[in-house]
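To start, the structure itself, in structure tokens.
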2 protein chains.
Amino acid sequence: MTETLRKSRAGGLAGQTGQRIIIIGSGFGGLEVAKALGRRGLAATIVDRRNHHLFQPLLYQVATAALSPADVAEPVRRILRRYDSVQVLLGEVADIDRTASRVIFSDGFELTYDILVLAPGAVTGYFGHDEWAPVARGLKSIGDARQLRSAVLLAFEKAERALDPDEQQRLMTFAVVGGGPTGVELAGSLAELSRFALRNDYRNVRPESARIMIIEAGPRLLSQFSNKLSDFAETRLRELGVEIRTNTPVEDMGPGWIRIAGETLGAGVILWAAGVRASPLASRLGVETDRAGRIPVDPLLRVQSGENIFALGDAASCAGADGRPLPGLAQVAKQQGQHLGSGLAALLRDGTPLSAFQYHGRGNTAIIGRHAAVFEQGRLRLTGWIAWLAWAIIHVYLLVGFQHRILVSIQWLWRYLTYERGARLLTEVEEKSMRSRQRPQ
Amino acid sequence: MTETLRKSRAGGLAGQTGQRIIIIGSGFGGLEVAKALGRRGLAATIVDRRNHHLFQPLLYQVATAALSPADVAEPVRRILRRYDSVQVLLGEVADIDRTASRVIFSDGFELTYDILVLAPGAVTGYFGHDEWAPVARGLKSIGDARQLRSAVLLAFEKAERALDPDEQQRLMTFAVVGGGPTGVELAGSLAELSRFALRNDYRNVRPESARIMIIEAGPRLLSQFSNKLSDFAETRLRELGVEIRTNTPVEDMGPGWIRIAGETLGAGVILWAAGVRASPLASRLGVETDRAGRIPVDPLLRVQSGENIFALGDAASCAGADGRPLPGLAQVAKQQGQHLGSGLAALLRDGTPLSAFQYHGRGNTAIIGRHAAVFEQGRLRLTGWIAWLAWAIIHVYLLVGFQHRILVSIQWLWRYLTYERGARLLTEVEEKSMRSRQRPQ
């Protein structure tokens with residue numbers, strides 16, 4: 001045992017196999033690796049800078065005041081509680097020292113590994129326009145969701161107090177950048193928030209007159225779905241009063257304004273759903289990453305042939321059956337985690353060689369609003385009511401923890417019946433931080 | 001109509017009676033005034049720096065990861081939605097100009113009043129030791145509760161990673177200052193969190209060995225209850241492993257330590273439940289306030305005889321039947337608000353003179369833990385199971401909004417059955433802010 005390990009007191013680390021496995025990231029991928037190892041009594045340490053596993057597919061509902069942060073987050077410790085051989089550590093990994101096989105934390109703490117699994121996920125990406133980050137917040141963490149929720153609610157509050165009708169209209173303009181599932185879900189949910197939940201709550205402004213735009217550089221929304229489903233989504237969003245600007249790249253933006261197609265528009269809140277890139281940690285390996293910052297991996301999910309470092313999920317670029325990189329989906333990360341976890345367990349137990357990962361698409365889904373969603377798997381394409389029901393059932397089922405399933409179901413049922421939103425929370429701290437950021441020019 | 005009012009566009013303000021009523025604060029008191037006026041179609045404007053009414057009696061459950069912030073907060077707009085004559089404004093009142101009858105907001109916005117109702121509530125008070133504020137956070141807002149929750153969860157996370165057993169024990173020491181209901185509730189809830197919810201989640205430390213202290217300067221806990229109930233609370237807290245230090249004033253404290261009875265103790269988190277004082281706004285009136293910063297009011301709740309300014313709730317000092325100031329309880333504020341609201345409505349409608357306020361105590365209750373609470377009304381004194389049930393029913397009943405009642409009930413039932421806590425949420429932002437504050441010396 002090295003000094004570092006004794007120092008860490010993560011006593012059980014090496015376990016029966018003598019192999020120290022460290023997993024970085026407790027998203028859909030990392031968690032499955034830890035579970036697969038824990039289930040077989042193999043020692044592993046999982047590290048994350050957050051104490052919770054985040055159910056990202058429902059994060060937009062936190063940003064639009066429909067759910068509370070705790071509804072979409074589950075403590076990693078609780079999920080892995082039953083696996084005595086698995087150690088959970090809270091900490092931010094700053095660097096990886098491949099020469100010494102060490103993981104270095106931002107506070108100087110260190111851990112030595114024999115096998116390293118990198119699953120740090122993705123962060124919001126601005127395609128070289130990092131100056132837009134303070135203006136248009138992305139949606140990757142609870143902090144992001146809370147901040148967006150505050151910005152949206154505060155825009156209506158400011159409009160209520162604004163003196164000038166033009167200023168009121170500017171404040172109540174919400175520009176969603178990006179027409180993928182997150183952008184569509186945010187725009188649809190903002191439309192329902194303003195059209196229904198808030199409609200009778202103000203005296204000087206009419207929230208239902210809020211302008212909600214979805215701005216997409218490509219030719220259509222939901223480009224990963226078939227044309228038919230894109231058309232359906234556009235029709236339904238238009239019915240909700242959402243303006244759709246396709247073939248419209250963002251030219252520039254600043255606090256309170258955005259420029260598209262040569263025109264500068266005022267906006268109360270700009271929401272960024274246009275792109276993500278791999279966690280910056282992916283670049284600390286010294287391996288050449290792809291355009292999105294992802295680490296290329298071979299079919300065994302190894303970072304380089306023969307090495308003891310693996311990568312998966314949003315931070316890895318893994319070729320699918322068609323040779324193209326697999327998309328950044330929860331189900332990809334989850335399947336990779338299950339595959340690698342049980343593969344490593346078999347390797348350590350009796351030397352069974354690792355096998356190649358194969359992705360089995362379970363279908364894609366996105367929700368637009370009440371009774372309106374799309375679902376696609378191979379040739380099966382569903383829209384409307386049935387896709388909406390499928391969406392809700394899938395998402396409740398995928399939530400970790402029985403309590404979350406119950407609480408989310410009840411809140412959805414309540415929202416369905418009353419059109420209300422339960423989590424319209426704006427605290428004075430958030431208000432202050434927004435005031436400095438979102439002040440009109 | 002003055003310029004200010006036209007500017008505000010709060011058009012309906014003056015309403016049929018021609019009287020502009022401004023209510024500052026949407027706590028238990030202010031809200032009742034607004035409702036009473038709104039119910040009779042009278043115009044009023046209610047101002048708060050938060051967008052939500054906070055159910056403070058359950059805030060300690062947010063601080064101990066049992067409930068989510070949105071479970072104990074309801075948007076003021078939604079509560080008052082049905083009263084068309086009532087205007088809700090978000091904003092921080094910085095000053096009151098009695099000469100010009102104007103309320104001045106921190107961002108320069110102004111409103112003119114004919115009648116002003118001050119119900120700004122209380123803030124944490126440190127009895128002249130404001131230097132303790134950054135070390136020992138009080139519990140008066142959602143922000144406070146989130147910060148305390150983070151501090152508590154982070155203390156366990158740090159202990160899990162700490163190298164030194166003494167440091168682990170220091171991190172897992174929670175000092176609750178103040179033995180009133182909030183202190184007792186916090187200590188009891190922390191004990192249950194560490195003894196039950198967290199007990200199997202760590203590998204290097206045993207959360208159930210956490211040291212929880214309750215430090216009270218006076219001779220007994222729950223001094224506003226009878227001796228018998230104080231004794232009961234102390235016994236039950238001791239059974240939960242809580243150390244009780246009565247007759248023990250705090251001598252000094254700093255980040256990570258507290259000095260009592262000449263001894264300096266290490267502490268992972270210090271929680272302040274020792275006192276509150278009236279909102280600083282109470283001092284802006286130019287009226288002499290009492291020791292706790294409260295505005296003295298006459299039996300009509302007027303700030304000074306003959307004036308058009310009223311004060312109620314935690315920011316007012318109003319004599320009870322025994323001549324002593326009424327305590328800072330939700331039910332006092334609520335009854336005062338109902339009384340003043342309907343009184344003002346009758347006054348404005350047909351000149352009915354205001355009548356003197358009389359408080360009707362509905363009983364006091366405090367909860368210690370599972371199956372253990374105290375309830376007292378006059379000679380009726382309940383402890384244990386029955387008081388615990390009464391406590392739960394009263395609190396669910398008093399929650400504003402059907403959705404909150406359902407969600408809180410389910411979470412309590414779930415917690416009762418499983419001992420789990422649903423809201424163990426620690427985000428990286430909170431972690432960072434805590435890291436700088438709580439770093440051991």
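Chain labels run A, B, ... following the order of the structure tokens; each chain numbers its residues from 1, and ligands are numbered from 1 in the order shown.
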Name the residues of region 274-419 of chain B that come out as strand (DSSP E) in a backbone DSSP run; write them as a tab-separated table (two decimals) with C-alpha atoms, in the first residue's frame.
chain	number	residue	atom	x	y	z
B	276	VAL	CA	-33.91	37.45	16.67
B	277	ARG	CA	-34.42	41.15	16.45
B	278	ALA	CA	-36.85	43.26	14.46
B	295	ILE	CA	-41.66	49.38	17.28
B	296	PRO	CA	-44.00	50.02	20.22
B	309	ILE	CA	-48.86	54.02	10.37
B	310	PHE	CA	-49.44	50.57	11.85
B	311	ALA	CA	-47.00	47.86	12.83
B	316	ALA	CA	-43.86	45.38	16.66
B	317	SER	CA	-44.02	45.39	20.43
B	364	ASN	CA	-47.64	26.48	21.84
B	365	THR	CA	-45.92	23.49	20.39
B	366	ALA	CA	-42.39	22.30	19.73
B	367	ILE	CA	-41.14	19.03	18.31
B	368	ILE	CA	-38.14	17.09	19.57
B	369	GLY	CA	-38.23	14.07	17.32
B	372	ALA	CA	-41.86	13.31	20.87
B	373	ALA	CA	-43.27	16.80	21.01
B	374	VAL	CA	-44.71	19.17	23.57
B	375	PHE	CA	-47.96	21.10	23.37
B	376	GLU	CA	-49.28	23.57	25.88
B	377	GLN	CA	-52.41	25.68	26.00
B	380	LEU	CA	-53.52	21.67	28.98
B	381	ARG	CA	-50.09	20.10	28.63
B	382	LEU	CA	-49.38	17.29	26.24
B	383	THR	CA	-46.16	15.37	25.64
Which residues in region 350-425 of chain B does DSSP call helix (DSSP H, G or I)? List them as a VMD selection string. chain B and resid 350 384 to 398 402 to 418
Proximal residues of chain B relative to chain A (only C-alpha atoms; 6 Å) as a VMD selection string: chain B and resid 50 to 51 70 77 81 201 423 426 to 428
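Of the listed residues A:His371, A:Ala191, A:Ile270, A:Gln304, the one whose atoms come nearest to Gly286 (chain A) is A:Gln304, with distances taken using only C-alpha atoms.
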Option closest in space to Arg195 (chain B), from B:Ser230, B:Lys334, B:Ile46, B:Leu240 [counting only C-alpha atoms]: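 When distances to Arg195 (chain B) are compared using only C-alpha atoms, the smallest one comes from B:Leu240.
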Which residue is closest to Leu265 (chain A)? Choose from A:Arg98, A:Met213, A:Val62, A:Ser189 and count only C-alpha atoms.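 Looking at the shortest contact to Leu265 (chain A), the residue is A:Met213.
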So how many Å separate CA of Asp107 (chain A) and CA of Leu281 (chain A), to one decimal?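 Here the two named atoms are 15.5 Å from each other.
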Please, what distance in Å, to one decimal, runs between CA of Leu118 (chain A) and CA of Ser26 (chain A)?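 Interatomic distance, CA of Leu118 (chain A) to CA of Ser26 (chain A): 10.0 Å.
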Which residues are close to Pro134 (chain A), i.e. within 9 Å by only C-alpha atoms, leaving aside same-chain residues fewer than 3 positions away? Reply as a tab-separated table (two decimals) with N, CA and C atoms, in the first residue's frame.
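Output below, filename selection.tsv:
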chain	number	residue	atom	x	y	z
A	130	ASP	N	-16.85	32.02	-25.47
A	130	ASP	CA	-16.96	31.93	-24.01
A	130	ASP	C	-17.43	33.24	-23.38
A	131	GLU	N	-17.32	34.34	-24.11
A	131	GLU	CA	-17.80	35.63	-23.58
A	131	GLU	C	-19.33	35.63	-23.45
A	137	ARG	N	-26.98	31.50	-19.81
A	137	ARG	CA	-26.60	30.38	-18.97
A	137	ARG	C	-27.07	29.06	-19.58
A	254	GLY	N	-25.28	40.17	-25.62
A	254	GLY	CA	-24.76	40.85	-24.44
A	254	GLY	C	-25.86	40.89	-23.41
A	255	PRO	N	-25.63	41.52	-22.27
A	255	PRO	CA	-26.68	41.53	-21.24
A	255	PRO	C	-27.94	42.21	-21.76
A	437	ARG	N	-26.43	41.04	-12.94
A	437	ARG	CA	-26.19	40.43	-14.24
A	437	ARG	C	-27.16	40.89	-15.31
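Rounded to one decimal, CA of Ser342 (chain A) and CA of Leu37 (chain A) lie 6.8 Å from each other.
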Exercise: region 101-106 of chain A partners within 10 Å, only C-alpha atoms, chain neighbours under 5 positions left out, as a PDB file with C-alpha atoms, in the first residue's frame:
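Result file follows (result_22.pdb):
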ATOM      1  CA  THR A   4      -1.179   8.074  -0.380  1.00  0.00           C
ATOM      2  CA  ILE A  22     -11.032   4.901  -9.144  1.00  0.00           C
ATOM      3  CA  ILE A  24     -14.369   9.889 -11.601  1.00  0.00           C
ATOM      4  CA  VAL A  47     -15.266  10.615  -6.785  1.00  0.00           C
ATOM      5  CA  ARG A  49     -17.462  17.270  -6.883  1.00  0.00           C
ATOM      6  CA  GLY A  91     -14.000  16.328  -4.114  1.00  0.00           C
ATOM      7  CA  GLU A  92     -13.017  18.107  -7.280  1.00  0.00           C
ATOM      8  CA  VAL A  93     -10.408  16.338  -9.376  1.00  0.00           C
ATOM      9  CA  ALA A  94      -7.985  18.907 -10.744  1.00  0.00           C
ATOM     10  CA  ASP A  95      -5.477  16.732 -12.542  1.00  0.00           C
ATOM     11  CA  ILE A  96      -4.435  13.232 -13.477  1.00  0.00           C
ATOM     12  CA  LEU A 111      -5.313   8.949  -4.668  1.00  0.00           C
ATOM     13  CA  THR A 112      -3.305   6.282  -6.508  1.00  0.00           C
ATOM     14  CA  TYR A 113      -5.046   4.000  -8.999  1.00  0.00           C
ATOM     15  CA  ASP A 114      -4.398   0.775 -10.812  1.00  0.00           C
ATOM     16  CA  ILE A 115      -7.452   1.263 -12.995  1.00  0.00           C
ATOM     17  CA  LEU A 116      -9.009   4.641 -13.732  1.00  0.00           C
ATOM     18  CA  ASN A 308      -5.523   0.961 -17.680  1.00  0.00           C
ATOM     19  CA  ILE A 309      -7.545   4.127 -18.241  1.00  0.00           C
TER      20      ILE A 309
END
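Of the residues under consideration (B:Gly323, B:Pro299, B:Gly108, B:Gly328), B:Gly328 shows the shortest atom-to-atom contact distance to Gln56 (chain B) when counting only C-alpha atoms.
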With only C-alpha atoms as the basis for distance, which of B:Gly180, B:Gly351, B:Gly30, B:Gly188 is at the shortest distance from Ala333 (chain B)?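 Ranking B:Gly180, B:Gly351, B:Gly30, B:Gly188 by distance to Ala333 (chain B), first place goes to B:Gly30.
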Tell me, as a list in words, which residues lie within 8 Å of Thr64 (chain A), counting only C-alpha atoms; anything in the same chain fewer than 2 positions away does not count.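 Residues near the query, excluding close chain neighbours: Tyr60, Gln61, Val62, Ala66, Leu67, Leu148, Arg149, Val152, Leu186, Ser189, Leu190 and Leu193 of chain A.
Neighbours of Ala210 (chain A) closer than or equal to 12 Å, with only C-alpha atoms counted and sequence neighbours fewer than 6 positions away skipped, come out as Val152, Ala155, Phe156, Ala159, Gln168, Gln169, Arg170, Leu171, Met172, Thr173, Phe174, Ala175, Ala187, Leu190, Ala191, Glu192, Leu193, Ser194, Arg195, Phe196, Leu198, Arg199, Leu240, Gly241, Val242, Glu243, Ala267, Gly268 and Val269 of chain A.
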